[in-house]
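Presented below is the structure to which this report refers.
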Amino acid sequence: MVVVPFLAEDPELVVRTLELAATHPRVSEVVGIHGDDPETVRAVKALASGLRIIPQRRIGRLRAGKGDAINTGFDYFLRSKCDRLHFYDADIKTFEMSWIDQAESGLDLGFDTVRHFYPRAATDGMVTAMLVRPALAMRWPYTALARLKQPLSGEIAFTRRSATAIASERLVREQSDWGIDTAITGITAHLGFSIYENYVVAGKDHQLYGSLAELKTMFWECLGALQLLMRDSEPQQVAHHTDSHSPPTLDLLNVVAFDAPASEKILQKPLTASQRELLRTQFKPEYAEALNKKQLETFDTTRWLDILRVLITRAVPSDLDWQTVAFQLWVARVLHFNAFEVEKGYTHAIEYIEAMITKAMLNPVN
Ligand code: GDX
Ligand code: MN
């Protein structure tokens, strides 16, 4: 079975994804699971006669978002007779049948889960690169979780056995928001399921962003999910295969995935007195000063890992001041990366991120 969650995406792209999946010889059922965007739902239904489109159900405990759609997909699959479950995002222009072939091949080899990773613009996936990957590497160094290339992949395949177990875990069930990918990743290792990371050389050409402000909710929800995992789960040693990855060829790689000048405005918004106080009491004084003076050079790898340690151990998910302060620090870090590293070329930028992950493993947090 193939499940495709969609919110406000180009209806033609959603339908293309569903129809491509439906023609795959190994796929017997395809389900689109929609969120609360009536216009998209209407347009998709009009184009997709004969395809199954169902609403996401309210399942989780947090904001109703992608996580509810994914859990609705798990439930639908578990009631079916299908023996494997694939998820694909609905906004991927480069999606092809071969993605399904490759996921099936990984499962055929005996792996419990297959996750796709792909070349992407150096500045795409900043929640992955500057939050989830280093946090997992710091907390669980030298495990599969520390080494995953794409811990937030929306493109994953499961056997019935792994889907059944993962979908019944509270941390997955309750994570109704953007934290769902983080939760699934952590729980996969917690339950001891093996992971095949499959490289899709064609890359993931998907909807990119305007200002980094569009990622604020995702940033915060992934941080919340990381904290819950760190409190209530522990990865087992699991088999983890990562495909070797050939050099990227996509033009997209040199695209800046967000609007840097627009993102700088996030740092111009003055902090309130209570936010300044939080910054002063929880972090080293140099960060408050650097934010105040917009000194992006401050936010290098060493300092970012120092900040991240505070975020994962002390940030309070429900607190608006924490949300604002944490987000400003992350934006400063992403803008640092864009200003000083990305301009040195794609290969350099990617190596820089890998070096940060290694450094995170060498400076673990317990
Ligand atoms: N039904 C439903 N309800 N679908 C949703 C919702 C929702 O509330 N929110 C998002 N989706 C769908 C969306 O239409 C798309 O098909 C997929 O979920 C992923 O969302 P998208 O807006 O394309 O997210 P983005 O920024 O591409 O993020 C994905 O990759 C990130 C990353 O690689 O860093 C996504 O899987 C993130 O969780 C991940 O952080
Ligand atoms: Mn996307």
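Residue names in the structure tokens use chain letters A, B, ... in the order shown, residue numbers from 1 in each chain, and ligand numbers from 1 in the order shown.
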
Using only C-alpha atoms, determine which residues lie at most 9 Å from range 338-354 of chain A, disregarding the query and same-chain residues fewer than 3 positions distant; provide the list as a ChimeraX atom specification. /A:121-123,129-130,253-254,256,260,296-297,301,333-335,357-359

So that each row is one residue of range 47-116 of chain A with an atom at most 12 Å from range 213-219 of chain A, can you give its shortest atom pair and the distance in Å to one decimal, using only C-alpha atoms, rows by chain and rising number, as CSV?
residue,atom,partner,partner_atom,distance
A:Arg63,CA,A:Thr217,CA,10.0
A:Gly65,CA,A:Met218,CA,10.4
A:Lys66,CA,A:Met218,CA,10.4
A:Gly67,CA,A:Met218,CA,11.7

Taking only C-alpha atoms and all ligand atoms and a cut-off of 8 Å, can you tell me which residues surround ligand 2, written as a list in words?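 Result of the 8 Å neighbour search around ligand 2: Asp89, Ala90, Asp91, Ile92, His206, Gln207 and Leu208 of chain A.
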
Given a cut-off of 7 Å, what residues near ligand 1 show up using only C-alpha atoms and all ligand atoms, put as a PyMOL selection string? chain A and resi 4-9+33-36+56+64-66+68-69+89-91+125-128+150+152-154+178-181+206-207+218

Considering only C-alpha atoms, return as an NGL selection string whatever protein or nucleic-acid residues lie within 12 Å of Phe74 in chain A, sequence-local ones (same chain, fewer than 4 positions apart) excluded. :A and (1-5 or 31 or 33 or 56-57 or 59 or 67-70 or 78-80 or 82 or 84-87 or 157-169 or 172-173 or 184)

Using only C-alpha atoms, which protein or nucleic acid residues come within 12 Å of Arg16 in chain A? Drop anything in the same chain fewer than 2 positions from it, and give the result as a PyMOL selection string. chain A and resi 4+9-14+18-23+32+44+47-48+51+89-97

Please identify all polymer residues within 10 Å of Ala288 in chain A, counting only C-alpha atoms, omitting same-chain residues fewer than 5 positions from it, and present them as a ChimeraX atom specification. /A:276-280,283,293-294,325,329

Residues as selected, C-alpha atoms, written as a PDB file, in the first residue's frame, can you do that?
ATOM      1  CA  ARG A 276      16.017  38.849  26.853  1.00  0.00           C
ATOM      2  CA  GLU A 277      15.965  37.595  30.408  1.00  0.00           C
ATOM      3  CA  LEU A 278      15.611  34.006  29.246  1.00  0.00           C
ATOM      4  CA  LEU A 279      18.519  34.442  26.849  1.00  0.00           C
ATOM      5  CA  ARG A 280      20.618  35.957  29.634  1.00  0.00           C
ATOM      6  CA  PHE A 283      22.810  30.898  27.552  1.00  0.00           C
ATOM      7  CA  LYS A 293      24.353  43.067  16.973  1.00  0.00           C
ATOM      8  CA  LYS A 294      23.376  40.570  14.218  1.00  0.00           C
ATOM      9  CA  VAL A 325      14.538  32.724  21.534  1.00  0.00           C
ATOM     10  CA  LEU A 329      19.261  31.317  17.570  1.00  0.00           C
TER      11      LEU A 329
END

Within 7 Å of Ala360 in chain A using only C-alpha atoms, minus same-chain residues under 4 positions, as a CSV table (one decimal) with N, CA and C atoms, in the first residue's frame:
chain,number,residue,atom,x,y,z
A,134,PRO,N,22.2,16.8,14.3
A,134,PRO,CA,23.2,17.0,15.4
A,134,PRO,C,22.6,16.6,16.8
A,137,ALA,N,22.9,12.9,17.1
A,137,ALA,CA,24.3,12.6,17.1
A,137,ALA,C,24.9,12.8,18.5
A,138,MET,N,24.4,13.9,19.1
A,138,MET,CA,24.9,14.3,20.5
A,138,MET,C,24.4,13.4,21.5
A,305,LEU,N,26.6,23.9,18.7
A,305,LEU,CA,26.4,22.7,19.5
A,305,LEU,C,26.3,23.0,20.9
A,356,MET,N,30.2,18.7,11.3
A,356,MET,CA,29.4,19.1,12.5
A,356,MET,C,28.8,17.9,13.2
A,364,PRO,N,29.1,14.4,23.5
A,364,PRO,CA,27.7,13.9,23.8
A,364,PRO,C,27.1,14.5,24.9

Enumerate, as a PyMOL selection string, the complete set of residues in range 60-197 of chain A that a backbone-based DSSP assignment places in alpha helix (DSSP H). chain A and resi 66-79+97-108+126-127+133-139+144-147+160-167+170-173+180-190

Residues near range 190-197 of chain A, cut-off 10 Å, only C-alpha atoms, skip fewer than 4 positions along chain, as a ChimeraX atom specification: /A:103,105-107,109-118,144-145,148-151,153,156-158,161-162,165-166,169,184-186,229,232-244

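Minimum atom-to-atom distances from A:Gln227, A:Ala355, A:Ala315, A:Glu174 to Thr302 in chain A were compared using only C-alpha atoms, and the lowest value belongs to A:Ala355.
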